[in-house]
file upload37.tsv (TSV, C-alpha atoms)
chain	number	residue	atom	x	y	z
U	1	MET	CA	-21.73	-8.22	-27.37
U	2	THR	CA	-19.20	-10.89	-26.47
U	3	SER	CA	-16.22	-8.67	-27.32
U	4	GLU	CA	-17.75	-5.83	-25.27
U	5	ARG	CA	-18.29	-8.14	-22.29
U	6	LYS	CA	-14.73	-9.44	-22.48
U	7	ALA	CA	-13.45	-5.87	-22.63
U	8	ASN	CA	-15.42	-5.16	-19.46
U	9	VAL	CA	-13.73	-8.11	-17.78
U	10	TRP	CA	-10.31	-6.68	-18.64
U	11	THR	CA	-11.34	-3.26	-17.30
U	12	ALA	CA	-12.60	-4.78	-14.06
U	13	LEU	CA	-9.45	-6.87	-13.73
U	14	LYS	CA	-7.36	-3.71	-14.05
U	15	THR	CA	-9.39	-2.20	-11.19
U	16	ALA	CA	-8.74	-5.28	-9.06
U	17	GLN	CA	-5.01	-5.13	-9.81
U	18	GLN	CA	-4.86	-1.48	-8.80
U	19	SER	CA	-6.66	-2.13	-5.51
U	20	LEU	CA	-4.23	-4.73	-4.17
U	21	GLU	CA	-0.53	-3.89	-3.96
U	22	ALA	CA	0.62	-6.93	-1.96
U	23	VAL	CA	-0.63	-9.59	0.44
U	24	GLY	CA	0.78	-9.48	3.96
U	25	LYS	CA	2.17	-12.33	6.03
U	26	GLY	CA	-0.91	-13.51	7.88
U	27	SER	CA	0.31	-16.94	8.99
U	28	GLN	CA	3.09	-18.20	11.23
U	29	ASN	CA	5.17	-21.35	10.99
U	30	GLN	CA	4.80	-22.97	14.41
U	31	TYR	CA	8.16	-24.74	14.27
U	32	HIS	CA	10.37	-22.04	12.76
U	33	GLY	CA	8.57	-19.04	14.29
U	34	TYR	CA	8.56	-16.93	11.11
U	35	ASN	CA	5.59	-15.24	9.50
U	36	TYR	CA	4.66	-16.04	5.92
U	37	THR	CA	1.91	-15.61	3.32
U	38	SER	CA	-0.06	-18.85	3.09
U	39	ALA	CA	-2.13	-19.95	0.12
U	40	GLU	CA	-5.24	-19.26	2.22
U	41	ASP	CA	-4.05	-15.69	2.93
U	42	MET	CA	-3.58	-15.15	-0.80
U	43	LEU	CA	-7.00	-16.58	-1.68
U	44	LYS	CA	-8.82	-14.37	0.84
U	45	ALA	CA	-7.10	-11.15	-0.23
U	46	CYS	CA	-7.50	-11.83	-3.95
U	47	ARG	CA	-11.15	-12.83	-3.55
U	48	LYS	CA	-11.96	-9.48	-1.91
U	49	ALA	CA	-10.12	-7.50	-4.60
U	50	LEU	CA	-11.93	-9.37	-7.37
U	51	HIS	CA	-15.36	-9.11	-5.73
U	52	ASP	CA	-14.91	-5.39	-5.08
U	53	ALA	CA	-14.20	-4.99	-8.81
U	54	GLY	CA	-17.30	-6.98	-9.78
U	55	LEU	CA	-15.44	-10.15	-10.73
U	56	VAL	CA	-15.58	-13.79	-9.70
U	57	ALA	CA	-12.81	-16.36	-10.08
U	58	TYR	CA	-13.40	-20.06	-10.13
U	59	ARG	CA	-11.96	-23.42	-11.07
U	60	ARG	CA	-14.02	-24.74	-13.96
U	61	SER	CA	-12.51	-28.23	-13.83
U	62	TRP	CA	-9.48	-30.21	-12.75
U	63	SER	CA	-7.90	-33.58	-13.46
U	64	ILE	CA	-4.97	-35.75	-12.40
U	65	GLU	CA	-2.37	-36.91	-14.89
U	66	GLN	CA	0.46	-39.37	-14.28
U	67	THR	CA	3.56	-38.28	-16.21
U	68	ASP	CA	7.27	-39.10	-16.34
U	69	LEU	CA	7.74	-36.21	-13.91
U	70	GLY	CA	5.21	-37.62	-11.45
U	71	CYS	CA	1.60	-36.84	-10.60
U	72	MET	CA	0.41	-33.56	-12.12
U	73	VAL	CA	-2.82	-31.74	-11.31
U	74	ASN	CA	-4.30	-29.92	-14.32
U	75	ASN	CA	-6.54	-26.96	-13.52
U	76	HIS	CA	-8.87	-24.88	-15.70
U	77	PHE	CA	-9.34	-21.48	-14.02
U	78	CYS	CA	-11.64	-18.65	-15.12
U	79	VAL	CA	-12.39	-15.07	-14.13
U	80	ALA	CA	-15.65	-13.40	-15.19
U	81	LEU	CA	-18.02	-10.54	-14.44
U	82	ALA	CA	-20.38	-11.29	-11.57
U	83	THR	CA	-23.58	-11.17	-13.64
U	84	ASP	CA	-26.44	-13.63	-14.09
U	85	ASP	CA	-26.17	-13.79	-17.88
U	86	GLN	CA	-22.40	-14.30	-18.18
U	87	ALA	CA	-21.50	-16.65	-21.05
U	88	GLU	CA	-18.44	-18.90	-20.96
U	89	GLU	CA	-16.94	-17.21	-24.01
U	90	ASP	CA	-16.99	-13.91	-22.11
U	91	CYS	CA	-14.63	-15.24	-19.43
U	92	LEU	CA	-10.85	-15.06	-19.23
U	93	CYS	CA	-9.56	-18.59	-18.69
U	94	ALA	CA	-6.22	-20.32	-18.23
U	95	GLU	CA	-4.84	-23.83	-17.88
U	96	VAL	CA	-2.51	-24.28	-14.91
U	97	THR	CA	-0.61	-27.47	-14.07
U	98	TYR	CA	0.92	-28.06	-10.63
U	99	PRO	CA	2.71	-31.14	-9.24
U	100	ALA	CA	1.26	-33.28	-6.44
U	101	ILE	CA	4.17	-34.69	-4.43
U	102	PRO	CA	3.35	-37.52	-2.01
U	103	GLY	CA	5.78	-38.36	0.78
U	104	ASN	CA	6.06	-39.69	4.31
U	105	GLY	CA	2.91	-38.69	6.17
U	106	ARG	CA	1.59	-37.14	2.95
U	107	PRO	CA	-0.53	-39.63	0.95
U	108	LEU	CA	-1.57	-38.88	-2.62
U	109	ASP	CA	-5.01	-37.50	-1.72
U	110	LYS	CA	-3.44	-34.97	0.65
U	111	ALA	CA	-0.78	-34.05	-1.92
U	112	VAL	CA	-3.47	-33.47	-4.57
U	113	SER	CA	-5.49	-31.27	-2.19
U	114	ALA	CA	-2.40	-29.16	-1.48
U	115	ALA	CA	-1.65	-28.87	-5.21
U	116	LEU	CA	-5.19	-27.68	-5.95
U	117	THR	CA	-4.99	-24.93	-3.33
U	118	THR	CA	-1.46	-23.84	-4.24
U	119	ALA	CA	-2.18	-23.73	-7.97
U	120	PHE	CA	-5.23	-21.52	-7.38
U	121	SER	CA	-3.15	-19.22	-5.17
U	122	TYR	CA	-0.36	-18.82	-7.74
U	123	TRP	CA	-2.81	-18.22	-10.57
U	124	LEU	CA	-4.55	-15.47	-8.60
U	125	ARG	CA	-1.19	-13.90	-7.79
U	126	ASP	CA	-0.37	-13.91	-11.49
U	127	ILE	CA	-3.60	-12.37	-12.78
U	128	LEU	CA	-3.52	-9.67	-10.09
U	129	MET	CA	0.17	-8.94	-10.77
U	130	LEU	CA	1.14	-9.31	-7.12
U	131	PRO	CA	4.82	-9.13	-6.15
U	132	ARG	CA	6.55	-11.76	-4.08
U	133	VAL	CA	6.30	-11.14	-0.37
U	134	ASP	CA	9.49	-12.84	0.78
U	135	GLY	CA	12.99	-12.19	-0.48
U	136	LEU	CA	14.17	-15.68	0.37
U	137	GLU	CA	12.02	-17.81	-1.87
U	138	VAL	CA	13.54	-21.13	-2.86
U	139	ASP	CA	14.43	-20.15	-6.42
U	140	THR	CA	16.22	-16.92	-5.42
U	141	ARG	CA	17.85	-17.97	-2.13
U	142	ASP	CA	21.65	-18.18	-2.07
U	143	ASP	CA	22.55	-21.68	-0.85
U	144	SER	CA	26.11	-21.68	-2.23
U	145	THR	CA	27.71	-21.75	1.23
U	146	TYR	CA	25.37	-24.31	2.77
U	147	LYS	CA	26.90	-27.63	3.89
U	148	HIS	CA	24.84	-30.38	5.44
U	149	ASP	CA	26.40	-31.83	8.62
U	150	GLU	CA	25.07	-35.37	8.45
U	151	GLN	CA	26.40	-36.43	11.86
U	152	GLU	CA	24.82	-33.48	13.65
U	153	ALA	CA	21.59	-33.95	11.70
U	154	VAL	CA	21.34	-37.60	12.78
U	155	GLY	CA	21.85	-36.63	16.43
U	156	LEU	CA	19.17	-33.94	16.24
U	157	ALA	CA	16.78	-36.31	14.46
U	158	VAL	CA	17.21	-38.97	17.14
U	159	GLU	CA	16.54	-36.45	19.92
U	160	ILE	CA	13.45	-35.13	18.14
U	161	GLU	CA	12.08	-38.65	17.72
U	162	ASP	CA	12.69	-39.35	21.43
U	163	ARG	CA	10.98	-36.17	22.64
U	164	ALA	CA	8.20	-35.50	20.13
U	165	THR	CA	4.63	-36.67	20.62
U	166	ASP	CA	2.92	-38.73	17.91
U	167	GLU	CA	1.04	-35.63	16.76
U	168	GLN	CA	4.22	-33.55	16.58
U	169	MET	CA	6.04	-36.27	14.65
U	170	GLN	CA	3.22	-36.47	12.13
U	171	LYS	CA	3.42	-32.72	11.51
U	172	LEU	CA	7.18	-32.94	11.05
U	173	LEU	CA	6.86	-35.83	8.64
U	174	ASP	CA	4.24	-33.89	6.68
U	175	ALA	CA	6.81	-31.10	6.26
U	176	LEU	CA	9.57	-33.33	4.84
U	177	PRO	CA	8.63	-32.94	1.14
U	178	LYS	CA	9.23	-29.18	1.39
U	179	TYR	CA	12.89	-29.97	2.06
U	180	LYS	CA	13.08	-32.75	-0.54
U	181	ALA	CA	13.69	-35.12	2.35
U	182	SER	CA	12.42	-38.62	3.05
U	183	LYS	CA	13.60	-38.72	6.67
U	184	LEU	CA	14.40	-36.24	9.43
U	185	GLU	CA	18.20	-36.41	9.14
U	186	GLU	CA	18.01	-35.15	5.55
U	187	VAL	CA	16.44	-31.85	6.69
U	188	PRO	CA	18.85	-28.88	7.08
U	189	VAL	CA	20.47	-28.72	10.52
U	190	VAL	CA	19.20	-25.20	11.20
U	191	THR	CA	15.65	-26.42	10.63
U	192	LEU	CA	16.13	-29.48	12.84
U	193	LYS	CA	17.41	-27.23	15.63
U	194	ALA	CA	14.32	-25.05	15.34
U	195	TRP	CA	12.06	-28.12	15.39
U	196	LEU	CA	13.82	-29.54	18.44
U	197	LYS	CA	13.51	-26.23	20.27
U	198	ARG	CA	9.81	-26.15	19.52
U	199	VAL	CA	9.35	-29.75	20.70
U	200	LYS	CA	11.13	-28.94	23.96
U	201	GLU	CA	9.04	-25.84	24.54
U	202	THR	CA	5.78	-27.74	24.16
U	203	ALA	CA	6.86	-30.78	26.18

call {"tool": "encode", "arguments": {"input": "upload37.tsv", "output": "structure tokens"}}
result
Amino acid sequence: MTSERKANVWTALKTAQQSLEAVGKGSQNQYHGYNYTSAEDMLKACRKALHDAGLVAYRRSWSIEQTDLGCMVNNHFCVALATDDQAEEDCLCAEVTYPAIPGNGRPLDKAVSAALTTAFSYWLRDILMLPRVDGLEVDTRDDSTYKHDEQEAVGLAVEIEDRATDEQMQKLLDALPKYKASKLEEVPVVTLKAWLKRVKETA
């Protein structure tokens, strides 16, 4: 019976994969002005595809581990048929580890929360065989011609700090880890210009 149930899970998962070709860009970055697919967008779309196919996905457990590479969040995800008598051995499960990266304005608890959500999103994208939405993801973007103008960046950072409200500054500081930056002047100039424009518009 267990092998038959697991086969039914695979069949249902195939149905879910066929029903969802891609997830659209349902969110907008308020500082850069571009649309993107957030983790929440991915979770909502994948949940509907799985439910329509008679499946449920869930995080069975999670834990935090301090390693030489930093704080890692270990997740145990499962997908199963949505029935009352589903046994654990009938589920398809996977272990997924994702880093939690604290930074300025981003304490460890917030970093862990973000890692939990992002890990779930990427796992769902994997099991549903969804393609990437953007062509400029970090690992495929061509940065060979990029040069950081430190002097211009410092000037932009100073002006942002002078003009931004406390709430705006907190949001900017929260975004620093995405750019592997610990302070504003380490963020790419093009991004600082976009942030400054946004600050001016909302002043």

call {"tool": "residues_around", "arguments": {"input": "upload37.tsv", "residues": "U:Cys93", "least_positions_apart": "3", "cutoff": "9 Å", "atoms": "all atoms listed in the file", "output": "ChimeraX atom specification"}}
result
/U:60,76-80

call {"tool": "closest_residue", "arguments": {"input": "upload37.tsv", "among": "U:Ile101, U:Ile160, U:Ala39, U:Val23", "to": "U:Val73", "atoms": "only C-alpha atoms"}}
result
U:Ile101

call {"tool": "residues_around", "arguments": {"input": "upload37.tsv", "residues": "stretch 120-131 of chain U", "least_positions_apart": "2", "cutoff": "7 Å", "atoms": "all atoms listed in the file", "output": "PyMOL selection string"}}
result
chain U and resi 16-17+21-22+39+42-43+46+116-118+133

call {"tool": "write_last_selection", "arguments": {"input": "upload37.tsv", "atoms": "C-alpha atoms", "output": "JSON list (two decimals), in the frame of the given file"}}
result
[["chain", "number", "residue", "atom", "x", "y", "z"],
["U", 16, "ALA", "CA", -8.74, -5.28, -9.06],
["U", 17, "GLN", "CA", -5.01, -5.13, -9.81],
["U", 21, "GLU", "CA", -0.53, -3.89, -3.96],
["U", 22, "ALA", "CA", 0.62, -6.93, -1.96],
["U", 39, "ALA", "CA", -2.13, -19.95, 0.12],
["U", 42, "MET", "CA", -3.58, -15.15, -0.80],
["U", 43, "LEU", "CA", -7.00, -16.58, -1.68],
["U", 46, "CYS", "CA", -7.50, -11.83, -3.95],
["U", 116, "LEU", "CA", -5.19, -27.68, -5.95],
["U", 117, "THR", "CA", -4.99, -24.93, -3.33],
["U", 118, "THR", "CA", -1.46, -23.84, -4.24],
["U", 133, "VAL", "CA", 6.30, -11.14, -0.37]]

call {"tool": "atom_distance", "arguments": {"input": "upload37.tsv", "atom1": "atom CA of U:Asn74", "atom2": "atom CA of U:Glu40"}}
result
19.7 Å

call {"tool": "atom_distance", "arguments": {"input": "upload37.tsv", "atom1": "atom CA of U:Ser61", "atom2": "atom CA of U:Asn75"}}
result
6.1 Å

call {"tool": "residues_around", "arguments": {"input": "upload37.tsv", "residues": "stretch 169-175 of chain U", "least_positions_apart": "3", "cutoff": "12 Å", "atoms": "all atoms listed in the file", "output": "MDAnalysis selection string"}}
result
chainID U and resid 29:32 101:107 110:111 114 157:166 178:187 191:192 194:196 198:199

call {"tool": "atom_distance", "arguments": {"input": "upload37.tsv", "atom1": "atom CA of U:Glu88", "atom2": "atom CA of U:Ala119"}}
result
21.4 Å

call {"tool": "residues_around", "arguments": {"input": "upload37.tsv", "residues": "U:Arg47", "least_positions_apart": "3", "cutoff": "8 Å", "atoms": "all atoms listed in the file", "output": "VMD selection string"}}
result
chain U and resid 43 to 44 50 to 51 56 to 57

call {"tool": "closest_residue", "arguments": {"input": "upload37.tsv", "among": "U:Asp149, U:Asp109, U:Asp90, U:Glu167", "to": "U:Val9", "atoms": "all atoms listed in the file"}}
result
U:Asp90

call {"tool": "axis_aligned_box", "arguments": {"input": "upload37.tsv", "around": "stretch 62-77 of chain U", "padding_each_side": "6 Å", "output": "AutoDock Vina command-line options"}}
result
--center_x -0.9 --center_y -30.4 --center_z -13.5 --size_x 29.2 --size_y 29.9 --size_z 17.7
